[in-house]
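Asks: upload_18.txt is reproduced below (compact mmCIF, N, CA and C atoms).
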# COMPACT_ATOMS: atom_id res chain seq x y z
N MET D 13 159.88 -85.03 -53.42
CA MET D 13 161.11 -84.36 -53.02
C MET D 13 161.83 -85.23 -51.99
N ALA D 14 163.11 -85.36 -52.13
CA ALA D 14 163.92 -86.20 -51.25
C ALA D 14 164.75 -85.32 -50.33
N GLN D 15 165.19 -85.94 -49.23
CA GLN D 15 165.97 -85.20 -48.24
C GLN D 15 167.14 -86.04 -47.77
N ILE D 16 168.31 -85.41 -47.76
CA ILE D 16 169.49 -86.03 -47.15
C ILE D 16 169.55 -85.55 -45.71
N ILE D 17 169.70 -86.50 -44.79
CA ILE D 17 169.88 -86.16 -43.38
C ILE D 17 171.29 -86.61 -43.01
N LYS D 18 172.14 -85.65 -42.73
CA LYS D 18 173.53 -85.95 -42.39
C LYS D 18 173.64 -86.27 -40.90
N SER D 19 174.66 -87.01 -40.55
CA SER D 19 174.84 -87.40 -39.15
C SER D 19 175.14 -86.21 -38.24
N ASN D 20 175.57 -85.09 -38.80
CA ASN D 20 175.83 -83.90 -37.98
C ASN D 20 174.57 -83.05 -37.78
N GLY D 21 173.42 -83.53 -38.30
CA GLY D 21 172.16 -82.83 -38.11
C GLY D 21 171.72 -81.97 -39.27
N GLU D 22 172.62 -81.71 -40.22
CA GLU D 22 172.26 -80.91 -41.39
C GLU D 22 171.29 -81.68 -42.28
N THR D 23 170.37 -80.96 -42.90
CA THR D 23 169.47 -81.57 -43.88
C THR D 23 169.58 -80.82 -45.19
N LYS D 24 169.33 -81.54 -46.27
CA LYS D 24 169.44 -80.94 -47.59
C LYS D 24 168.39 -81.58 -48.49
N THR D 25 167.62 -80.75 -49.18
CA THR D 25 166.65 -81.24 -50.14
C THR D 25 167.36 -81.51 -51.46
N VAL D 26 167.09 -82.67 -52.05
CA VAL D 26 167.75 -83.06 -53.30
C VAL D 26 166.74 -83.65 -54.26
N GLU D 27 167.12 -83.66 -55.52
CA GLU D 27 166.36 -84.31 -56.58
C GLU D 27 167.30 -85.28 -57.30
N PRO D 28 166.77 -86.34 -57.88
CA PRO D 28 167.62 -87.24 -58.67
C PRO D 28 168.25 -86.48 -59.83
N LYS D 29 169.45 -86.87 -60.21
CA LYS D 29 170.16 -86.18 -61.30
C LYS D 29 169.36 -86.20 -62.60
N ASN D 30 168.65 -87.30 -62.85
CA ASN D 30 167.89 -87.39 -64.09
C ASN D 30 166.48 -86.83 -63.95
N GLY D 31 166.11 -86.35 -62.76
CA GLY D 31 164.83 -85.73 -62.54
C GLY D 31 163.69 -86.67 -62.20
N THR D 32 163.92 -87.98 -62.30
CA THR D 32 162.82 -88.92 -62.04
C THR D 32 163.13 -89.94 -60.95
N GLY D 33 164.31 -90.54 -60.97
CA GLY D 33 164.62 -91.57 -59.99
C GLY D 33 166.11 -91.66 -59.70
N PHE D 34 166.44 -91.94 -58.44
CA PHE D 34 167.83 -92.09 -58.04
C PHE D 34 168.38 -93.41 -58.56
N LYS D 35 169.55 -93.38 -59.14
CA LYS D 35 170.25 -94.58 -59.60
C LYS D 35 171.13 -95.10 -58.46
N LEU D 36 171.53 -96.35 -58.57
CA LEU D 36 172.33 -96.99 -57.54
C LEU D 36 173.58 -96.18 -57.21
N GLU D 37 174.27 -95.71 -58.23
CA GLU D 37 175.52 -94.97 -58.01
C GLU D 37 175.27 -93.68 -57.21
N GLU D 38 174.15 -93.01 -57.48
CA GLU D 38 173.80 -91.80 -56.72
C GLU D 38 173.57 -92.13 -55.25
N LEU D 39 172.82 -93.20 -55.02
CA LEU D 39 172.51 -93.59 -53.65
C LEU D 39 173.77 -93.95 -52.88
N GLN D 40 174.66 -94.70 -53.53
CA GLN D 40 175.91 -95.09 -52.87
C GLN D 40 176.77 -93.86 -52.55
N ALA D 41 176.76 -92.88 -53.44
CA ALA D 41 177.54 -91.66 -53.19
C ALA D 41 176.96 -90.87 -52.01
N ILE D 42 175.65 -90.84 -51.90
CA ILE D 42 175.00 -90.09 -50.81
C ILE D 42 175.31 -90.72 -49.46
N VAL D 43 175.19 -92.06 -49.37
CA VAL D 43 175.37 -92.71 -48.07
C VAL D 43 176.81 -93.14 -47.80
N GLY D 44 177.64 -93.14 -48.82
CA GLY D 44 179.05 -93.48 -48.64
C GLY D 44 179.33 -94.97 -48.55
N GLY D 45 178.58 -95.77 -49.28
CA GLY D 45 178.83 -97.22 -49.26
C GLY D 45 177.70 -97.99 -49.90
N TYR D 46 177.72 -99.30 -49.65
CA TYR D 46 176.64 -100.15 -50.14
C TYR D 46 175.34 -99.74 -49.47
N ILE D 47 174.25 -99.82 -50.21
CA ILE D 47 173.00 -99.31 -49.65
C ILE D 47 172.18 -100.39 -48.94
N GLN D 48 171.45 -99.94 -47.96
CA GLN D 48 170.43 -100.72 -47.27
C GLN D 48 169.18 -99.85 -47.29
N ILE D 49 168.03 -100.47 -47.55
CA ILE D 49 166.78 -99.73 -47.63
C ILE D 49 165.84 -100.19 -46.52
N ALA D 50 165.26 -99.21 -45.84
CA ALA D 50 164.23 -99.48 -44.83
C ALA D 50 162.95 -98.80 -45.29
N TYR D 51 161.85 -99.52 -45.22
CA TYR D 51 160.56 -98.98 -45.63
C TYR D 51 159.91 -98.24 -44.47
N LEU D 52 159.59 -96.97 -44.71
CA LEU D 52 158.99 -96.11 -43.71
C LEU D 52 157.49 -95.96 -43.98
N ARG D 53 156.83 -95.21 -43.14
CA ARG D 53 155.42 -94.88 -43.35
C ARG D 53 155.28 -93.95 -44.55
N ASP D 54 154.06 -93.80 -45.01
CA ASP D 54 153.72 -92.84 -46.07
C ASP D 54 154.44 -93.10 -47.38
N ASP D 55 154.67 -94.38 -47.71
CA ASP D 55 155.29 -94.76 -48.97
C ASP D 55 156.67 -94.12 -49.15
N GLU D 56 157.41 -94.01 -48.07
CA GLU D 56 158.77 -93.48 -48.13
C GLU D 56 159.76 -94.56 -47.73
N ILE D 57 161.00 -94.36 -48.16
CA ILE D 57 162.08 -95.26 -47.78
C ILE D 57 163.24 -94.46 -47.22
N MET D 58 164.04 -95.14 -46.40
CA MET D 58 165.28 -94.57 -45.88
C MET D 58 166.41 -95.40 -46.48
N VAL D 59 167.31 -94.72 -47.17
CA VAL D 59 168.48 -95.37 -47.75
C VAL D 59 169.67 -95.04 -46.87
N MET D 60 170.36 -96.09 -46.40
CA MET D 60 171.50 -95.89 -45.51
C MET D 60 172.66 -96.80 -45.91
N ASP D 61 173.81 -96.58 -45.33
CA ASP D 61 175.00 -97.40 -45.59
C ASP D 61 174.84 -98.74 -44.89
N ASP D 62 174.84 -99.81 -45.68
CA ASP D 62 174.67 -101.16 -45.14
C ASP D 62 175.76 -101.53 -44.13
N GLU D 63 176.94 -100.96 -44.28
CA GLU D 63 178.06 -101.28 -43.40
C GLU D 63 178.42 -100.12 -42.48
N GLY D 64 177.49 -99.18 -42.29
CA GLY D 64 177.77 -97.98 -41.50
C GLY D 64 178.23 -98.26 -40.09
N LYS D 65 177.60 -99.23 -39.44
CA LYS D 65 177.99 -99.55 -38.06
C LYS D 65 179.35 -100.23 -38.02
N LEU D 66 179.63 -101.08 -39.01
CA LEU D 66 180.95 -101.72 -39.08
C LEU D 66 182.06 -100.68 -39.31
N LYS D 67 181.73 -99.64 -40.06
CA LYS D 67 182.68 -98.56 -40.34
C LYS D 67 182.75 -97.56 -39.19
N GLU D 68 181.93 -97.79 -38.16
CA GLU D 68 181.87 -96.92 -36.98
C GLU D 68 181.55 -95.47 -37.34
N LYS D 69 180.57 -95.30 -38.25
CA LYS D 69 180.11 -93.97 -38.60
C LYS D 69 179.36 -93.36 -37.42
N ASP D 70 179.29 -92.04 -37.41
CA ASP D 70 178.64 -91.32 -36.31
C ASP D 70 177.13 -91.58 -36.29
N LEU D 71 176.57 -91.56 -35.09
CA LEU D 71 175.14 -91.70 -34.90
C LEU D 71 174.41 -90.58 -35.62
N ASN D 72 173.34 -90.92 -36.32
CA ASN D 72 172.48 -89.93 -36.96
C ASN D 72 171.21 -89.87 -36.13
N LEU D 73 171.16 -88.93 -35.19
CA LEU D 73 170.06 -88.86 -34.24
C LEU D 73 168.73 -88.60 -34.92
N GLN D 74 168.69 -87.66 -35.84
CA GLN D 74 167.44 -87.31 -36.51
C GLN D 74 166.90 -88.50 -37.31
N ALA D 75 167.75 -89.18 -38.04
CA ALA D 75 167.33 -90.35 -38.81
C ALA D 75 166.94 -91.50 -37.88
N SER D 76 167.65 -91.63 -36.77
CA SER D 76 167.34 -92.70 -35.81
C SER D 76 165.95 -92.52 -35.22
N LEU D 77 165.57 -91.30 -34.92
CA LEU D 77 164.24 -91.05 -34.37
C LEU D 77 163.16 -91.47 -35.36
N ARG D 78 163.35 -91.15 -36.61
CA ARG D 78 162.38 -91.55 -37.64
C ARG D 78 162.37 -93.07 -37.81
N TYR D 79 163.54 -93.68 -37.84
CA TYR D 79 163.66 -95.13 -37.99
C TYR D 79 162.99 -95.85 -36.82
N ARG D 80 163.21 -95.36 -35.63
CA ARG D 80 162.61 -95.98 -34.44
C ARG D 80 161.09 -95.85 -34.46
N ARG D 81 160.58 -94.76 -34.95
CA ARG D 81 159.14 -94.56 -35.03
C ARG D 81 158.50 -95.49 -36.07
N ASP D 82 159.16 -95.63 -37.23
CA ASP D 82 158.55 -96.33 -38.36
C ASP D 82 158.98 -97.78 -38.53
N VAL D 83 160.14 -98.17 -38.03
CA VAL D 83 160.68 -99.49 -38.35
C VAL D 83 160.97 -100.33 -37.11
N ASN D 84 161.92 -99.88 -36.29
CA ASN D 84 162.36 -100.68 -35.16
C ASN D 84 162.66 -99.76 -33.97
N PRO D 85 161.86 -99.83 -32.92
CA PRO D 85 162.05 -98.90 -31.80
C PRO D 85 163.32 -99.15 -30.98
N TYR D 86 164.06 -100.20 -31.29
CA TYR D 86 165.24 -100.55 -30.50
C TYR D 86 166.56 -100.42 -31.26
N ASP D 87 166.53 -99.83 -32.44
CA ASP D 87 167.73 -99.74 -33.26
C ASP D 87 168.05 -98.28 -33.54
N SER D 88 169.24 -98.04 -34.05
CA SER D 88 169.66 -96.68 -34.40
C SER D 88 170.28 -96.68 -35.79
N VAL D 89 170.45 -95.49 -36.32
CA VAL D 89 170.99 -95.30 -37.67
C VAL D 89 172.27 -94.49 -37.55
N VAL D 90 173.25 -94.86 -38.36
CA VAL D 90 174.52 -94.12 -38.38
C VAL D 90 174.79 -93.62 -39.79
N GLY D 91 175.59 -92.58 -39.88
CA GLY D 91 175.98 -92.04 -41.17
C GLY D 91 174.88 -91.22 -41.83
N ASP D 92 175.17 -90.73 -43.02
CA ASP D 92 174.22 -89.93 -43.78
C ASP D 92 173.18 -90.84 -44.42
N VAL D 93 171.94 -90.36 -44.51
CA VAL D 93 170.86 -91.14 -45.11
C VAL D 93 170.09 -90.29 -46.10
N LEU D 94 169.35 -90.96 -46.96
CA LEU D 94 168.43 -90.31 -47.88
C LEU D 94 167.04 -90.82 -47.57
N ILE D 95 166.09 -89.90 -47.45
CA ILE D 95 164.69 -90.28 -47.32
C ILE D 95 163.97 -89.76 -48.55
N CYS D 96 163.27 -90.68 -49.22
CA CYS D 96 162.56 -90.30 -50.45
C CYS D 96 161.33 -91.20 -50.63
N LYS D 97 160.52 -90.88 -51.60
CA LYS D 97 159.38 -91.70 -51.97
C LYS D 97 159.90 -92.99 -52.60
N THR D 98 159.18 -94.08 -52.38
CA THR D 98 159.58 -95.38 -52.90
C THR D 98 159.81 -95.33 -54.41
N GLU D 99 158.93 -94.67 -55.13
CA GLU D 99 159.04 -94.64 -56.60
C GLU D 99 160.20 -93.81 -57.11
N GLN D 100 160.93 -93.11 -56.23
CA GLN D 100 162.09 -92.33 -56.67
C GLN D 100 163.37 -93.15 -56.77
N VAL D 101 163.32 -94.41 -56.38
CA VAL D 101 164.50 -95.27 -56.48
C VAL D 101 164.30 -96.21 -57.65
N LYS D 102 165.20 -96.15 -58.61
CA LYS D 102 165.09 -96.96 -59.83
C LYS D 102 166.13 -98.05 -59.86
I need this file expressed as structure tokens, please.

Replies:
Amino acid sequence: MAQIIKSNGETKTVEPKNGTGFKLEELQAIVGGYIQIAYLRDDEIMVMDDEGKLKEKDLNLQASLRYRRDVNPYDSVVGDVLICKTEQVK
């Protein structure tokens, strides 16, 4: 099961449209731009907007806390993100 974490703090559980894996177009629509993938613990990934900071998107505090724990303790995440299992991205 995948989860969208919006920059305003809202979360939403989602499934890929085809039921098995998210396609590139779906991922881009969720994050609002070109995708960047960060590998998290527990075989999960965080999909975010590669140009989110350049676009000056709002800080995503909840996603930043997870990113800092699993990837880089000195960085932050902006914009909406998707967290899902690695095998859910096709």

Asks: Given the choices D:Thr25, D:Asp82, D:Lys18, D:Asp92, which gets closest to D:Asp54 if the distance is worked out from only C-alpha atoms?

Replies: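 Closest to D:Asp54 of all the choices is D:Asp82.
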
Asks: Within 6.5 Å of (175.3, -100.3, -37.5), all atoms listed in the file: residues as a list in words?

Replies: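 The answer, in the requested form, is Glu63, Gly64, Lys65, Leu66, Ser88 and Val90 of chain D.
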
Asks: I want to know what sits within 6 Å of D:Lys102, based on all atoms listed in the file, with residues of the same chain fewer than 3 positions away left out; could you give that as a compact mmCIF listing (two decimals) with N, CA and C atoms, in the coordinates of the input?

Replies:
# COMPACT_ATOMS: atom_id res chain seq x y z
N GLY D 33 164.31 -90.54 -60.97
CA GLY D 33 164.62 -91.57 -59.99
C GLY D 33 166.11 -91.66 -59.70
N PHE D 34 166.44 -91.94 -58.44
CA PHE D 34 167.83 -92.09 -58.04
C PHE D 34 168.38 -93.41 -58.56
N LYS D 35 169.55 -93.38 -59.14
CA LYS D 35 170.25 -94.58 -59.60
C LYS D 35 171.13 -95.10 -58.46
N LEU D 36 171.53 -96.35 -58.57
CA LEU D 36 172.33 -96.99 -57.54
C LEU D 36 173.58 -96.18 -57.21
N GLU D 99 158.93 -94.67 -55.13
CA GLU D 99 159.04 -94.64 -56.60
C GLU D 99 160.20 -93.81 -57.11

Asks: For D:Lys67, please output as a PDB file with N, CA and C atoms, in the coordinates of the input all residues within 10 Å (counting only C-alpha atoms; exclusion window: fewer than 5 positions along the same chain).

Replies:
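Below is the file result_8.pdb, written as the result:
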ATOM      1  N   GLY D  45     178.580 -95.770 -49.280  1.00  0.00           N
ATOM      2  CA  GLY D  45     178.830 -97.220 -49.260  1.00  0.00           C
ATOM      3  C   GLY D  45     177.700 -97.990 -49.900  1.00  0.00           C
ATOM      4  N   ASP D  61     173.810 -96.580 -45.330  1.00  0.00           N
ATOM      5  CA  ASP D  61     175.000 -97.400 -45.590  1.00  0.00           C
ATOM      6  C   ASP D  61     174.840 -98.740 -44.890  1.00  0.00           C
ATOM      7  N   ASP D  62     174.840 -99.810 -45.680  1.00  0.00           N
ATOM      8  CA  ASP D  62     174.670-101.160 -45.140  1.00  0.00           C
ATOM      9  C   ASP D  62     175.760-101.530 -44.130  1.00  0.00           C
ATOM     10  N   VAL D  90     173.250 -94.860 -38.360  1.00  0.00           N
ATOM     11  CA  VAL D  90     174.520 -94.120 -38.380  1.00  0.00           C
ATOM     12  C   VAL D  90     174.790 -93.620 -39.790  1.00  0.00           C
ATOM     13  N   GLY D  91     175.590 -92.580 -39.880  1.00  0.00           N
ATOM     14  CA  GLY D  91     175.980 -92.040 -41.170  1.00  0.00           C
ATOM     15  C   GLY D  91     174.880 -91.220 -41.830  1.00  0.00           C
TER      16      GLY D  91
END

Asks: Could you tell me how far atom CA of D:Tyr51 sits from atom CA of D:Leu39, in Å to one decimal place?

Replies: 15.4 Å

Asks: Have a look at atom CA of D:Leu73 and atom CA of D:Asp87 and let me know their distance in Å, one decimal.

Replies: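 Atom-to-atom, atom CA of D:Leu73 and atom CA of D:Asp87 are spaced 11.2 Å apart.
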
Asks: Would you list, as a PyMOL selection string, the residues of chain D that end up in helix (DSSP H, G or I) under DSSP run on this structure's backbone?

Replies: chain D and resi 36-43+73-82+98-100

Asks: Here's a test: counting only N, CA and C atoms, identify every protein, DNA and RNA residue with an atom at most 7 Å from (165.9, -86.2, -53.3) in the file's coordinate frame, and state them as a PyMOL selection string.

Replies: chain D and resi 13-16+25-28+95-96

Asks: Store the residues picked out above in a file with N, CA and C atoms, as a JSON list (two decimals), in the coordinates of the input.

Replies:
[["chain", "number", "residue", "atom", "x", "y", "z"],
["D", 13, "MET", "N", 159.88, -85.03, -53.42],
["D", 13, "MET", "CA", 161.11, -84.36, -53.02],
["D", 13, "MET", "C", 161.83, -85.23, -51.99],
["D", 14, "ALA", "N", 163.11, -85.36, -52.13],
["D", 14, "ALA", "CA", 163.92, -86.20, -51.25],
["D", 14, "ALA", "C", 164.75, -85.32, -50.33],
["D", 15, "GLN", "N", 165.19, -85.94, -49.23],
["D", 15, "GLN", "CA", 165.97, -85.20, -48.24],
["D", 15, "GLN", "C", 167.14, -86.04, -47.77],
["D", 16, "ILE", "N", 168.31, -85.41, -47.76],
["D", 16, "ILE", "CA", 169.49, -86.03, -47.15],
["D", 16, "ILE", "C", 169.55, -85.55, -45.71],
["D", 25, "THR", "N", 167.62, -80.75, -49.18],
["D", 25, "THR", "CA", 166.65, -81.24, -50.14],
["D", 25, "THR", "C", 167.36, -81.51, -51.46],
["D", 26, "VAL", "N", 167.09, -82.67, -52.05],
["D", 26, "VAL", "CA", 167.75, -83.06, -53.30],
["D", 26, "VAL", "C", 166.74, -83.65, -54.26],
["D", 27, "GLU", "N", 167.12, -83.66, -55.52],
["D", 27, "GLU", "CA", 166.36, -84.31, -56.58],
["D", 27, "GLU", "C", 167.30, -85.28, -57.30],
["D", 28, "PRO", "N", 166.77, -86.34, -57.88],
["D", 28, "PRO", "CA", 167.62, -87.24, -58.67],
["D", 28, "PRO", "C", 168.25, -86.48, -59.83],
["D", 95, "ILE", "N", 166.09, -89.90, -47.45],
["D", 95, "ILE", "CA", 164.69, -90.28, -47.32],
["D", 95, "ILE", "C", 163.97, -89.76, -48.55],
["D", 96, "CYS", "N", 163.27, -90.68, -49.22],
["D", 96, "CYS", "CA", 162.56, -90.30, -50.45],
["D", 96, "CYS", "C", 161.33, -91.20, -50.63]]

Asks: Please list as a ChimeraX atom specification every residue within 8 Å of D:Val89, counting only C-alpha atoms and excluding residues in the same chain fewer than 5 positions away.

Replies: /D:60,71-73,75-76,79

Asks: Find the distance between atom CA of D:Glu56 and atom CA of D:Lys97 and write it in Å to one decimal.

Replies: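 Computed distance, atom CA of D:Glu56 to atom CA of D:Lys97, equals 4.3 Å.
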
Asks: Which residue is closest to D:Val83? Choose from D:Leu52, D:Val43, D:Val59, D:Ile17 and count all atoms listed in the file.

Replies: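 The closest residue to D:Val83 is D:Leu52.
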
Asks: Under the rule that only N, CA and C atoms are counted, which of D:Thr32, D:Gln48, D:Gln74, D:Gln40 is the nearest residue to D:Asn20?

Replies: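 For D:Asn20, the nearest of the given residues is D:Gln74.
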
Asks: With DSSP run on the backbone, what are the strand (DSSP E or B) residues within chain D? I'd like them as a list in words.

Replies: Ala14, Gln15, Ile16, Ile17, Thr23, Lys24, Thr25, Val26, Phe34, Ile47, Gln48, Ile49, Ala50, Tyr51, Glu56, Ile57, Met58, Val59, Met60, Asp61, Leu71, Val90, Val93, Leu94, Ile95, Cys96, Lys97 and Val101 of chain D
